[in-house]
Amino acid sequence: MSDFRPVQVRVPVLSVRHMDSYHAITVVAPSIAERFRSGQFVAVAVGGEHSSMLLRRVFSIHDVKPDFGGTVEFVFSERGNGTEWLAERRARDLLDVVGPLGRPFPLPRDPVNCALVGEEQGAAALFPLANTLRRRGCRVDFALGGATADRVLGTAQARRLGETVSVATGDGSAGTRGGVLDLVSRLIETSRTEVVYASAPVPVLRSVAAVAEKYDIPAQVRVEEAMACGTGVCMGCVVPVVGEDGITRMARACVDGPVFRAERLRFGDVGTIPFDALGAPGWKSAVEDTAVREAG
Ligand SMILES: Cc1cc2nc3c(=O)[nH]c(=O)nc-3n(C[C@H](O)[C@H](O)[C@H](O)COP(=O)(O)OP(=O)(O)OC[C@H]3O[C@@H](n4cnc5c(N)ncnc54)[C@H](O)[C@@H]3O)c2cc1C
Ligand code: FES
């Protein structure tokens, strides 16, 4: 039986390249490559052995190849100290990587038409998914967005994998001027989409979920909540999710996600602990309220 548990490995950098305004690092990591499923991510130690940056930084797995027994690529933009350090890595440097982490994208059983919606770095997770969906006979259409043309991740790759690719940029420097959401309704109608997969900031996911609901299409959304441990220990990445039983629980985006069924995520309450979430101060009284109301 396959072992899908994540591993911690010290692995050599195979290559570092630029992809528009992003950096892409490929590491030789067969044990991560063989366990990987689309939508998962890695947690990378940054700063070297004597660094004060204790927390790992997490990145979507953008590509997995069989070369050298198995390579894994992740793509990032420079944000702070961790990614600045990573951007200085060169071939043959060693990286301490944990992965693959997180719950992958659920896959459709039958060949269906899939819309893949990604904004900026969020799109990274969609390319292995597109490969898998294509192998299953699904139609894949992309909607990609970014603030500027060089922030739209992977347009050329999307053209190779997708039936169609629509692009939106905030400044109009590529595709339609506006947000990726502006593309989604049109895409659903023209491509007869049956499933939506989206990986983007929460406000965009929320709107994509609303559009999918309007068309009565299931949507899987992938959140990128800031993470500390990445392995389910610290509870730093929790988001409110409604269970099958109708009860809201605080789910850890790193192990219970980062992919969630859109209709289960309480988008409006992300970043808070809703009063009626299981274990929240108001939860018990909410149950009692219901009991009192029912008794009355
Ligand atoms: C599941 C997941 C997948 C991710 N995949 C990628 C990826 O493929 N490529 C990529 O470039 N980044 C990705 N990120 C975001 C990445 O982890 C952060 O950008 C990283 O922490 C930056 O490290 P840093 O030390 O350079 O900056 P930090 O010092 O950690 O942060 C710099 C700034 O970025 C903000 N920030 C940190 N994390 C996030 C976040 N998740 N969302 C929004 N703002 C944040 C901080 O609040 C701060 O203002 C992902 C995050 C998650 C949770
Ligand atoms: S990041 Fe620690 S529990 Fe998710």
# chains A, B, ... in the order shown; residues from 1 in each chain; ligands from 1

$ residues_around --residues "segment 199-204 of chain A" --least-positions-apart "6" --cutoff "10 Å" --atoms "only C-alpha atoms" --output "PDB file with all heavy atoms, in the first residue's frame"
ATOM      1  N   GLY A  39      -2.629  19.703  -5.327  1.00  0.00           N
ATOM      2  CA  GLY A  39      -3.190  20.609  -4.330  1.00  0.00           C
ATOM      3  C   GLY A  39      -2.342  20.656  -3.071  1.00  0.00           C
ATOM      4  O   GLY A  39      -2.542  21.514  -2.215  1.00  0.00           O
ATOM      5  N   LEU A 116     -10.653  25.868 -13.947  1.00  0.00           N
ATOM      6  CA  LEU A 116      -9.593  26.055 -12.953  1.00  0.00           C
ATOM      7  C   LEU A 116      -9.335  27.554 -12.839  1.00  0.00           C
ATOM      8  O   LEU A 116      -8.915  28.191 -13.814  1.00  0.00           O
ATOM      9  CB  LEU A 116      -8.322  25.312 -13.370  1.00  0.00           C
ATOM     10  CG  LEU A 116      -8.218  23.828 -12.962  1.00  0.00           C
ATOM     11  CD1 LEU A 116      -9.442  23.027 -13.329  1.00  0.00           C
ATOM     12  CD2 LEU A 116      -6.957  23.208 -13.514  1.00  0.00           C
ATOM     13  N   VAL A 117      -9.619  28.090 -11.653  1.00  0.00           N
ATOM     14  CA  VAL A 117      -9.558  29.536 -11.462  1.00  0.00           C
ATOM     15  C   VAL A 117      -8.432  29.861 -10.483  1.00  0.00           C
ATOM     16  O   VAL A 117      -8.442  29.382  -9.339  1.00  0.00           O
ATOM     17  CB  VAL A 117     -10.904  30.049 -10.885  1.00  0.00           C
ATOM     18  CG1 VAL A 117     -10.878  31.560 -10.726  1.00  0.00           C
ATOM     19  CG2 VAL A 117     -12.067  29.607 -11.761  1.00  0.00           C
ATOM     20  N   GLY A 118      -7.466  30.648 -10.921  1.00  0.00           N
ATOM     21  CA  GLY A 118      -6.334  30.939 -10.034  1.00  0.00           C
ATOM     22  C   GLY A 118      -5.918  32.389 -10.118  1.00  0.00           C
ATOM     23  O   GLY A 118      -5.930  32.985 -11.192  1.00  0.00           O
ATOM     24  N   GLU A 119      -5.569  32.933  -8.962  1.00  0.00           N
ATOM     25  CA  GLU A 119      -5.056  34.305  -8.972  1.00  0.00           C
ATOM     26  C   GLU A 119      -3.636  34.329  -8.410  1.00  0.00           C
ATOM     27  O   GLU A 119      -3.374  33.745  -7.358  1.00  0.00           O
ATOM     28  CB  GLU A 119      -5.953  35.223  -8.157  1.00  0.00           C
ATOM     29  CG  GLU A 119      -5.561  36.672  -8.373  1.00  0.00           C
ATOM     30  CD  GLU A 119      -6.591  37.641  -7.832  1.00  0.00           C
ATOM     31  OE1 GLU A 119      -7.616  37.857  -8.500  1.00  0.00           O
ATOM     32  OE2 GLU A 119      -6.360  38.176  -6.741  1.00  0.00           O
ATOM     33  N   GLU A 120      -2.750  34.998  -9.152  1.00  0.00           N
ATOM     34  CA  GLU A 120      -1.339  35.161  -8.762  1.00  0.00           C
ATOM     35  C   GLU A 120      -0.763  33.817  -8.326  1.00  0.00           C
ATOM     36  O   GLU A 120      -0.969  32.811  -8.981  1.00  0.00           O
ATOM     37  CB  GLU A 120      -1.217  36.257  -7.711  1.00  0.00           C
ATOM     38  CG  GLU A 120      -1.757  37.590  -8.240  1.00  0.00           C
ATOM     39  CD  GLU A 120      -0.923  38.797  -7.883  1.00  0.00           C
ATOM     40  OE1 GLU A 120      -0.138  38.755  -6.944  1.00  0.00           O
ATOM     41  OE2 GLU A 120      -1.072  39.840  -8.585  1.00  0.00           O
ATOM     42  N   GLN A 121      -0.038  33.796  -7.165  1.00  0.00           N
ATOM     43  CA  GLN A 121       0.657  32.576  -6.750  1.00  0.00           C
ATOM     44  C   GLN A 121      -0.287  31.398  -6.504  1.00  0.00           C
ATOM     45  O   GLN A 121       0.116  30.239  -6.586  1.00  0.00           O
ATOM     46  CB  GLN A 121       1.440  32.842  -5.465  1.00  0.00           C
ATOM     47  CG  GLN A 121       0.512  32.999  -4.272  1.00  0.00           C
ATOM     48  CD  GLN A 121       1.104  33.760  -3.127  1.00  0.00           C
ATOM     49  OE1 GLN A 121       1.919  34.639  -3.320  1.00  0.00           O
ATOM     50  NE2 GLN A 121       0.710  33.394  -1.931  1.00  0.00           N
ATOM     51  N   GLY A 122      -1.560  31.696  -6.213  1.00  0.00           N
ATOM     52  CA  GLY A 122      -2.543  30.636  -5.960  1.00  0.00           C
ATOM     53  C   GLY A 122      -2.652  29.688  -7.135  1.00  0.00           C
ATOM     54  O   GLY A 122      -2.919  28.499  -6.973  1.00  0.00           O
ATOM     55  N   ALA A 123      -2.405  30.214  -8.348  1.00  0.00           N
ATOM     56  CA  ALA A 123      -2.542  29.391  -9.555  1.00  0.00           C
ATOM     57  C   ALA A 123      -1.539  28.251  -9.577  1.00  0.00           C
ATOM     58  O   ALA A 123      -1.765  27.240 -10.251  1.00  0.00           O
ATOM     59  CB  ALA A 123      -2.381  30.269 -10.794  1.00  0.00           C
ATOM     60  N   ALA A 124      -0.436  28.372  -8.824  1.00  0.00           N
ATOM     61  CA  ALA A 124       0.623  27.350  -8.870  1.00  0.00           C
ATOM     62  C   ALA A 124       0.070  25.943  -8.653  1.00  0.00           C
ATOM     63  O   ALA A 124       0.493  24.991  -9.301  1.00  0.00           O
ATOM     64  CB  ALA A 124       1.700  27.666  -7.832  1.00  0.00           C
ATOM     65  N   ALA A 125      -0.887  25.838  -7.747  1.00  0.00           N
ATOM     66  CA  ALA A 125      -1.411  24.510  -7.383  1.00  0.00           C
ATOM     67  C   ALA A 125      -2.284  23.908  -8.480  1.00  0.00           C
ATOM     68  O   ALA A 125      -2.613  22.713  -8.430  1.00  0.00           O
ATOM     69  CB  ALA A 125      -2.220  24.628  -6.093  1.00  0.00           C
ATOM     70  N   LEU A 126      -2.680  24.716  -9.461  1.00  0.00           N
ATOM     71  CA  LEU A 126      -3.654  24.241 -10.448  1.00  0.00           C
ATOM     72  C   LEU A 126      -3.024  23.438 -11.586  1.00  0.00           C
ATOM     73  O   LEU A 126      -3.720  22.714 -12.290  1.00  0.00           O
ATOM     74  CB  LEU A 126      -4.420  25.430 -11.041  1.00  0.00           C
ATOM     75  CG  LEU A 126      -5.232  26.274 -10.051  1.00  0.00           C
ATOM     76  CD1 LEU A 126      -5.865  27.454 -10.787  1.00  0.00           C
ATOM     77  CD2 LEU A 126      -6.307  25.424  -9.370  1.00  0.00           C
ATOM     78  N   LEU A 144      -7.176  32.842 -15.274  1.00  0.00           N
ATOM     79  CA  LEU A 144      -6.027  33.251 -14.460  1.00  0.00           C
ATOM     80  C   LEU A 144      -6.026  34.762 -14.290  1.00  0.00           C
ATOM     81  O   LEU A 144      -6.343  35.503 -15.231  1.00  0.00           O
ATOM     82  CB  LEU A 144      -4.714  32.823 -15.140  1.00  0.00           C
ATOM     83  CG  LEU A 144      -4.519  31.323 -15.373  1.00  0.00           C
ATOM     84  CD1 LEU A 144      -3.229  31.068 -16.140  1.00  0.00           C
ATOM     85  CD2 LEU A 144      -4.505  30.571 -14.041  1.00  0.00           C
ATOM     86  N   GLY A 145      -5.617  35.206 -13.105  1.00  0.00           N
ATOM     87  CA  GLY A 145      -5.593  36.643 -12.864  1.00  0.00           C
ATOM     88  C   GLY A 145      -4.371  37.071 -12.093  1.00  0.00           C
ATOM     89  O   GLY A 145      -3.658  36.253 -11.497  1.00  0.00           O
ATOM     90  N   GLY A 179     -10.687  41.757 -12.383  1.00  0.00           N
ATOM     91  CA  GLY A 179     -10.302  40.601 -11.562  1.00  0.00           C
ATOM     92  C   GLY A 179     -10.653  39.300 -12.259  1.00  0.00           C
ATOM     93  O   GLY A 179     -11.446  39.280 -13.213  1.00  0.00           O
ATOM     94  N   VAL A 180     -10.081  38.214 -11.743  1.00  0.00           N
ATOM     95  CA  VAL A 180     -10.313  36.907 -12.347  1.00  0.00           C
ATOM     96  C   VAL A 180     -11.798  36.529 -12.269  1.00  0.00           C
ATOM     97  O   VAL A 180     -12.325  35.837 -13.133  1.00  0.00           O
ATOM     98  CB  VAL A 180      -9.390  35.850 -11.676  1.00  0.00           C
ATOM     99  CG1 VAL A 180      -9.835  35.538 -10.271  1.00  0.00           C
ATOM    100  CG2 VAL A 180      -9.301  34.601 -12.491  1.00  0.00           C
ATOM    101  N   LEU A 181     -12.465  37.050 -11.244  1.00  0.00           N
ATOM    102  CA  LEU A 181     -13.876  36.738 -11.073  1.00  0.00           C
ATOM    103  C   LEU A 181     -14.702  37.172 -12.287  1.00  0.00           C
ATOM    104  O   LEU A 181     -15.666  36.504 -12.665  1.00  0.00           O
ATOM    105  CB  LEU A 181     -14.401  37.424  -9.810  1.00  0.00           C
ATOM    106  CG  LEU A 181     -15.858  37.146  -9.532  1.00  0.00           C
ATOM    107  CD1 LEU A 181     -16.060  35.691  -9.142  1.00  0.00           C
ATOM    108  CD2 LEU A 181     -16.380  38.071  -8.461  1.00  0.00           C
ATOM    109  N   ALA A 210     -19.789  31.899  -4.905  1.00  0.00           N
ATOM    110  CA  ALA A 210     -21.145  32.436  -5.117  1.00  0.00           C
ATOM    111  C   ALA A 210     -21.573  32.225  -6.569  1.00  0.00           C
ATOM    112  O   ALA A 210     -22.724  31.861  -6.844  1.00  0.00           O
ATOM    113  CB  ALA A 210     -21.179  33.917  -4.745  1.00  0.00           C
ATOM    114  N   GLN A 220     -14.601  23.430  -5.501  1.00  0.00           N
ATOM    115  CA  GLN A 220     -13.582  23.105  -4.497  1.00  0.00           C
ATOM    116  C   GLN A 220     -12.673  24.316  -4.409  1.00  0.00           C
ATOM    117  O   GLN A 220     -12.137  24.758  -5.432  1.00  0.00           O
ATOM    118  CB  GLN A 220     -12.758  21.883  -4.935  1.00  0.00           C
ATOM    119  CG  GLN A 220     -13.562  20.607  -5.094  1.00  0.00           C
ATOM    120  CD  GLN A 220     -13.956  19.988  -3.757  1.00  0.00           C
ATOM    121  OE1 GLN A 220     -13.376  20.318  -2.717  1.00  0.00           O
ATOM    122  NE2 GLN A 220     -14.939  19.101  -3.781  1.00  0.00           N
ATOM    123  N   VAL A 221     -12.496  24.848  -3.202  1.00  0.00           N
ATOM    124  CA  VAL A 221     -11.670  26.049  -3.066  1.00  0.00           C
ATOM    125  C   VAL A 221     -10.440  25.739  -2.220  1.00  0.00           C
ATOM    126  O   VAL A 221     -10.509  24.975  -1.263  1.00  0.00           O
ATOM    127  CB  VAL A 221     -12.463  27.229  -2.464  1.00  0.00           C
ATOM    128  CG1 VAL A 221     -13.581  27.662  -3.391  1.00  0.00           C
ATOM    129  CG2 VAL A 221     -13.017  26.882  -1.085  1.00  0.00           C
ATOM    130  N   ARG A 222      -9.328  26.349  -2.592  1.00  0.00           N
ATOM    131  CA  ARG A 222      -8.064  26.092  -1.887  1.00  0.00           C
ATOM    132  C   ARG A 222      -7.601  27.390  -1.251  1.00  0.00           C
ATOM    133  O   ARG A 222      -7.333  28.369  -1.951  1.00  0.00           O
ATOM    134  CB  ARG A 222      -7.037  25.588  -2.893  1.00  0.00           C
ATOM    135  CG  ARG A 222      -5.713  25.192  -2.273  1.00  0.00           C
ATOM    136  CD  ARG A 222      -4.831  24.616  -3.342  1.00  0.00           C
ATOM    137  NE  ARG A 222      -3.551  24.214  -2.828  1.00  0.00           N
ATOM    138  CZ  ARG A 222      -2.532  25.020  -2.627  1.00  0.00           C
ATOM    139  NH1 ARG A 222      -2.662  26.316  -2.864  1.00  0.00           N
ATOM    140  NH2 ARG A 222      -1.397  24.562  -2.183  1.00  0.00           N
ATOM    141  N   VAL A 223      -7.564  27.392   0.093  1.00  0.00           N
ATOM    142  CA  VAL A 223      -7.209  28.621   0.812  1.00  0.00           C
ATOM    143  C   VAL A 223      -5.705  28.644   1.097  1.00  0.00           C
ATOM    144  O   VAL A 223      -5.068  27.605   1.204  1.00  0.00           O
ATOM    145  CB  VAL A 223      -7.984  28.765   2.144  1.00  0.00           C
ATOM    146  CG1 VAL A 223      -9.480  28.787   1.908  1.00  0.00           C
ATOM    147  CG2 VAL A 223      -7.625  27.645   3.121  1.00  0.00           C
ATOM    148  N   GLU A 224      -5.151  29.839   1.213  1.00  0.00           N
ATOM    149  CA  GLU A 224      -3.745  29.968   1.591  1.00  0.00           C
ATOM    150  C   GLU A 224      -3.655  30.807   2.863  1.00  0.00           C
ATOM    151  O   GLU A 224      -3.090  31.897   2.875  1.00  0.00           O
ATOM    152  CB  GLU A 224      -2.923  30.552   0.437  1.00  0.00           C
ATOM    153  CG  GLU A 224      -2.863  29.604  -0.739  1.00  0.00           C
ATOM    154  CD  GLU A 224      -1.747  29.872  -1.734  1.00  0.00           C
ATOM    155  OE1 GLU A 224      -1.174  30.976  -1.694  1.00  0.00           O
ATOM    156  OE2 GLU A 224      -1.480  28.975  -2.553  1.00  0.00           O
ATOM    157  N   GLU A 225      -4.273  30.273   3.933  1.00  0.00           N
ATOM    158  CA  GLU A 225      -4.186  30.928   5.243  1.00  0.00           C
ATOM    159  C   GLU A 225      -2.742  30.880   5.727  1.00  0.00           C
ATOM    160  O   GLU A 225      -2.084  29.838   5.590  1.00  0.00           O
ATOM    161  CB  GLU A 225      -5.054  30.177   6.252  1.00  0.00           C
ATOM    162  CG  GLU A 225      -6.522  30.517   6.193  1.00  0.00           C
ATOM    163  CD  GLU A 225      -6.780  31.998   6.339  1.00  0.00           C
ATOM    164  OE1 GLU A 225      -6.628  32.520   7.446  1.00  0.00           O
ATOM    165  OE2 GLU A 225      -7.124  32.647   5.328  1.00  0.00           O
ATOM    166  N   PRO A 258      -5.616  22.305   2.530  1.00  0.00           N
ATOM    167  CA  PRO A 258      -6.174  23.627   2.241  1.00  0.00           C
ATOM    168  C   PRO A 258      -7.357  23.626   1.283  1.00  0.00           C
ATOM    169  O   PRO A 258      -7.921  24.661   1.008  1.00  0.00           O
ATOM    170  CB  PRO A 258      -4.974  24.362   1.612  1.00  0.00           C
ATOM    171  CG  PRO A 258      -4.147  23.300   0.964  1.00  0.00           C
ATOM    172  CD  PRO A 258      -4.310  22.089   1.851  1.00  0.00           C
ATOM    173  N   VAL A 259      -7.747  22.429   0.785  1.00  0.00           N
ATOM    174  CA  VAL A 259      -8.885  22.390  -0.134  1.00  0.00           C
ATOM    175  C   VAL A 259     -10.148  22.096   0.666  1.00  0.00           C
ATOM    176  O   VAL A 259     -10.153  21.160   1.481  1.00  0.00           O
ATOM    177  CB  VAL A 259      -8.672  21.291  -1.208  1.00  0.00           C
ATOM    178  CG1 VAL A 259      -9.864  21.222  -2.147  1.00  0.00           C
ATOM    179  CG2 VAL A 259      -7.373  21.526  -1.979  1.00  0.00           C
ATOM    180  N   PHE A 267     -17.072  31.795   4.496  1.00  0.00           N
ATOM    181  CA  PHE A 267     -16.136  32.808   3.995  1.00  0.00           C
ATOM    182  C   PHE A 267     -16.184  34.091   4.806  1.00  0.00           C
ATOM    183  O   PHE A 267     -15.166  34.678   5.121  1.00  0.00           O
ATOM    184  CB  PHE A 267     -16.458  33.133   2.530  1.00  0.00           C
ATOM    185  CG  PHE A 267     -16.105  32.029   1.589  1.00  0.00           C
ATOM    186  CD1 PHE A 267     -17.075  31.200   1.064  1.00  0.00           C
ATOM    187  CD2 PHE A 267     -14.788  31.823   1.211  1.00  0.00           C
ATOM    188  CE1 PHE A 267     -16.752  30.189   0.195  1.00  0.00           C
ATOM    189  CE2 PHE A 267     -14.456  30.803   0.344  1.00  0.00           C
ATOM    190  CZ  PHE A 267     -15.440  29.990  -0.172  1.00  0.00           C
ATOM    191  N   GLY A 268     -17.401  34.531   5.130  1.00  0.00           N
ATOM    192  CA  GLY A 268     -17.567  35.808   5.824  1.00  0.00           C
ATOM    193  C   GLY A 268     -16.938  35.804   7.217  1.00  0.00           C
ATOM    194  O   GLY A 268     -16.671  36.858   7.784  1.00  0.00           O
ATOM    195  N   VAL A 270     -14.074  33.914   8.000  1.00  0.00           N
ATOM    196  CA  VAL A 270     -12.661  33.531   7.998  1.00  0.00           C
ATOM    197  C   VAL A 270     -11.871  34.629   8.718  1.00  0.00           C
ATOM    198  O   VAL A 270     -12.106  35.819   8.517  1.00  0.00           O
ATOM    199  CB  VAL A 270     -12.141  33.332   6.548  1.00  0.00           C
ATOM    200  CG1 VAL A 270     -10.619  33.192   6.539  1.00  0.00           C
ATOM    201  CG2 VAL A 270     -12.781  32.101   5.911  1.00  0.00           C
TER     202      VAL A 270
END

$ residues_near_ligand --ligand "ligand 2" --cutoff "12 Å" --atoms "only C-alpha atoms and all ligand atoms" --output "ChimeraX atom specification"
/A:42-43,55-58,101-103,223-239,250-258

$ atom_distance --atom1 "atom CA of Ser166 of chain A" --atom2 "atom CA of Phe142 of chain A"
6.2 Å

$ residues_around --residues "Arg92 of chain A" --least-positions-apart "4" --cutoff "8 Å" --atoms "only C-alpha atoms" --output "list in words"
Pro12, Val13 and Leu14 of chain A

$ closest_residue --among "A:Arg10, A:His50, A:Arg151, A:Arg136" --to "ligand 1" --atoms "only C-alpha atoms and all ligand atoms"
A:Arg151

$ select_by_dssp --residues "segment 54-184 of chain A" --states "alpha helix (DSSP H)" --output "list of chain:residue names"
A:Asn81, A:Gly82, A:Thr83, A:Glu84, A:Trp85, A:Leu86, A:Ala87, A:Leu126, A:Phe127, A:Pro128, A:Leu129, A:Ala130, A:Asn131, A:Thr132, A:Leu133, A:Arg134, A:Arg135, A:Thr155, A:Ala156, A:Gln157, A:Ala158, A:Arg159, A:Arg160, A:Leu161, A:Leu181, A:Asp182, A:Leu183, A:Val184

$ write_last_selection --atoms "N, CA and C atoms" --output "short mmCIF file (atom, residue, chain, number, x, y, z; two decimals), in the first residue's frame"
data_model
loop_
_atom_site.label_atom_id
_atom_site.label_comp_id
_atom_site.auth_asym_id
_atom_site.auth_seq_id
_atom_site.Cartn_x
_atom_site.Cartn_y
_atom_site.Cartn_z
N ASN A 81 11.68 38.16 4.63
CA ASN A 81 13.03 37.60 4.82
C ASN A 81 13.18 36.17 4.29
N GLY A 82 12.14 35.36 4.50
CA GLY A 82 12.24 33.95 4.12
C GLY A 82 12.36 33.77 2.61
N THR A 83 11.50 34.43 1.89
CA THR A 83 11.53 34.27 0.42
C THR A 83 12.74 35.01 -0.18
N GLU A 84 13.21 36.07 0.49
CA GLU A 84 14.44 36.73 0.01
C GLU A 84 15.61 35.75 0.11
N TRP A 85 15.66 35.02 1.24
CA TRP A 85 16.73 34.03 1.42
C TRP A 85 16.61 32.93 0.37
N LEU A 86 15.39 32.46 0.15
CA LEU A 86 15.19 31.39 -0.84
C LEU A 86 15.59 31.84 -2.25
N ALA A 87 15.32 33.10 -2.54
CA ALA A 87 15.63 33.61 -3.89
C ALA A 87 17.14 33.61 -4.15
N LEU A 126 -2.68 24.72 -9.46
CA LEU A 126 -3.65 24.24 -10.45
C LEU A 126 -3.02 23.44 -11.59
N PHE A 127 -1.71 23.58 -11.78
CA PHE A 127 -1.11 22.94 -12.96
C PHE A 127 -0.98 21.42 -12.81
N PRO A 128 -0.51 20.90 -11.66
CA PRO A 128 -0.54 19.44 -11.51
C PRO A 128 -1.97 18.92 -11.57
N LEU A 129 -2.92 19.71 -11.04
CA LEU A 129 -4.33 19.30 -11.08
C LEU A 129 -4.79 19.18 -12.53
N ALA A 130 -4.43 20.17 -13.34
CA ALA A 130 -4.84 20.14 -14.75
C ALA A 130 -4.29 18.89 -15.43
N ASN A 131 -3.04 18.55 -15.14
CA ASN A 131 -2.44 17.34 -15.71
C ASN A 131 -3.24 16.11 -15.34
N THR A 132 -3.57 16.01 -14.05
CA THR A 132 -4.32 14.83 -13.57
C THR A 132 -5.70 14.77 -14.20
N LEU A 133 -6.37 15.92 -14.26
CA LEU A 133 -7.73 15.94 -14.83
C LEU A 133 -7.69 15.54 -16.31
N ARG A 134 -6.69 16.06 -17.01
CA ARG A 134 -6.57 15.71 -18.44
C ARG A 134 -6.38 14.21 -18.62
N ARG A 135 -5.53 13.63 -17.75
CA ARG A 135 -5.29 12.18 -17.85
C ARG A 135 -6.59 11.40 -17.62
N THR A 155 0.75 31.40 -17.67
CA THR A 155 -0.17 31.49 -18.82
C THR A 155 0.24 30.52 -19.93
N ALA A 156 1.54 30.45 -20.23
CA ALA A 156 2.00 29.59 -21.33
C ALA A 156 1.71 28.12 -21.01
N GLN A 157 1.96 27.76 -19.77
CA GLN A 157 1.70 26.38 -19.33
C GLN A 157 0.21 26.06 -19.43
N ALA A 158 -0.61 27.03 -19.04
CA ALA A 158 -2.07 26.84 -19.10
C ALA A 158 -2.51 26.63 -20.54
N ARG A 159 -1.85 27.33 -21.47
CA ARG A 159 -2.23 27.17 -22.89
C ARG A 159 -1.94 25.76 -23.37
N ARG A 160 -0.87 25.16 -22.83
CA ARG A 160 -0.54 23.78 -23.23
C ARG A 160 -1.54 22.78 -22.65
N LEU A 161 -2.05 23.07 -21.46
CA LEU A 161 -2.87 22.10 -20.75
C LEU A 161 -4.38 22.31 -20.93
N LEU A 181 -12.46 37.05 -11.24
CA LEU A 181 -13.88 36.74 -11.07
C LEU A 181 -14.70 37.17 -12.29
N ASP A 182 -14.29 38.30 -12.89
CA ASP A 182 -15.04 38.80 -14.05
C ASP A 182 -15.10 37.77 -15.18
N LEU A 183 -14.14 36.82 -15.15
CA LEU A 183 -14.07 35.84 -16.24
C LEU A 183 -14.94 34.61 -15.97
N VAL A 184 -15.27 34.40 -14.70
CA VAL A 184 -15.77 33.08 -14.31
C VAL A 184 -17.16 32.76 -14.89
#

$ closest_residue --among "A:Gly70, A:Pro218, A:Gly80, A:Pro240" --to "ligand 1" --atoms "only C-alpha atoms and all ligand atoms"
A:Gly80

$ residues_around --residues "Glu88 of chain A" --least-positions-apart "5" --cutoff "12 Å" --atoms "only C-alpha atoms" --output "PyMOL selection string"
chain A and resi 13+15-18+23-25+46-48+78+81-83+93

$ write_last_selection --atoms "N, CA and C atoms" --output "compact mmCIF listing (two decimals), in the first residue's frame"
# COMPACT_ATOMS: atom_id res chain seq x y z
N VAL A 13 19.09 21.44 -4.30
CA VAL A 13 18.41 22.26 -5.32
C VAL A 13 18.94 21.83 -6.68
N SER A 15 17.59 23.25 -9.73
CA SER A 15 17.65 24.47 -10.55
C SER A 15 16.84 25.59 -9.93
N VAL A 16 17.24 26.80 -10.28
CA VAL A 16 16.51 28.00 -9.85
C VAL A 16 16.27 28.80 -11.13
N ARG A 17 15.03 29.19 -11.36
CA ARG A 17 14.77 29.97 -12.58
C ARG A 17 13.75 31.05 -12.30
N HIS A 18 13.66 31.98 -13.23
CA HIS A 18 12.65 33.03 -13.11
C HIS A 18 11.45 32.68 -13.97
N HIS A 23 10.04 33.34 -8.70
CA HIS A 23 11.19 32.45 -8.73
C HIS A 23 10.65 31.03 -8.66
N ALA A 24 11.30 30.12 -9.39
CA ALA A 24 10.90 28.70 -9.31
C ALA A 24 12.11 27.90 -8.88
N ILE A 25 11.96 27.12 -7.81
CA ILE A 25 13.05 26.26 -7.33
C ILE A 25 12.62 24.81 -7.49
N VAL A 46 13.90 28.04 6.27
CA VAL A 46 14.60 29.16 5.61
C VAL A 46 15.66 29.75 6.54
N GLY A 47 16.65 30.37 5.94
CA GLY A 47 17.64 31.13 6.71
C GLY A 47 18.88 30.37 7.10
N GLY A 48 18.93 29.06 6.84
CA GLY A 48 20.13 28.30 7.19
C GLY A 48 20.12 27.84 8.64
N GLU A 78 9.10 37.18 -3.89
CA GLU A 78 9.78 37.70 -2.70
C GLU A 78 8.81 38.58 -1.92
N ASN A 81 11.68 38.16 4.63
CA ASN A 81 13.03 37.60 4.82
C ASN A 81 13.18 36.17 4.29
N GLY A 82 12.14 35.36 4.50
CA GLY A 82 12.24 33.95 4.12
C GLY A 82 12.36 33.77 2.61
N THR A 83 11.50 34.43 1.89
CA THR A 83 11.53 34.27 0.42
C THR A 83 12.74 35.01 -0.18
N ASP A 93 22.76 23.74 -3.58
CA ASP A 93 22.49 24.10 -2.18
C ASP A 93 21.52 23.06 -1.61

$ select_by_dssp --residues "segment 39-168 of chain A" --states "strand (DSSP E)" --output "number ranges by chain"
A: 41-44, 57-65, 71-76, 94-101, 113-119, 139-146, 164-168

$ residues_around --residues "Thr71 of chain A" --least-positions-apart "5" --cutoff "6 Å" --atoms "only C-alpha atoms" --output "PyMOL selection string"
chain A and resi 27-29+64-65

$ residues_around --residues "Leu265 of chain A" --least-positions-apart "4" --cutoff "7 Å" --atoms "only C-alpha atoms" --output "list in words"
Pro240, Val241, Val242, Phe260 and Arg261 of chain A

$ atom_distance --atom1 "atom CA of Ala277 of chain A" --atom2 "atom CA of Arg249 of chain A"
5.3 Å
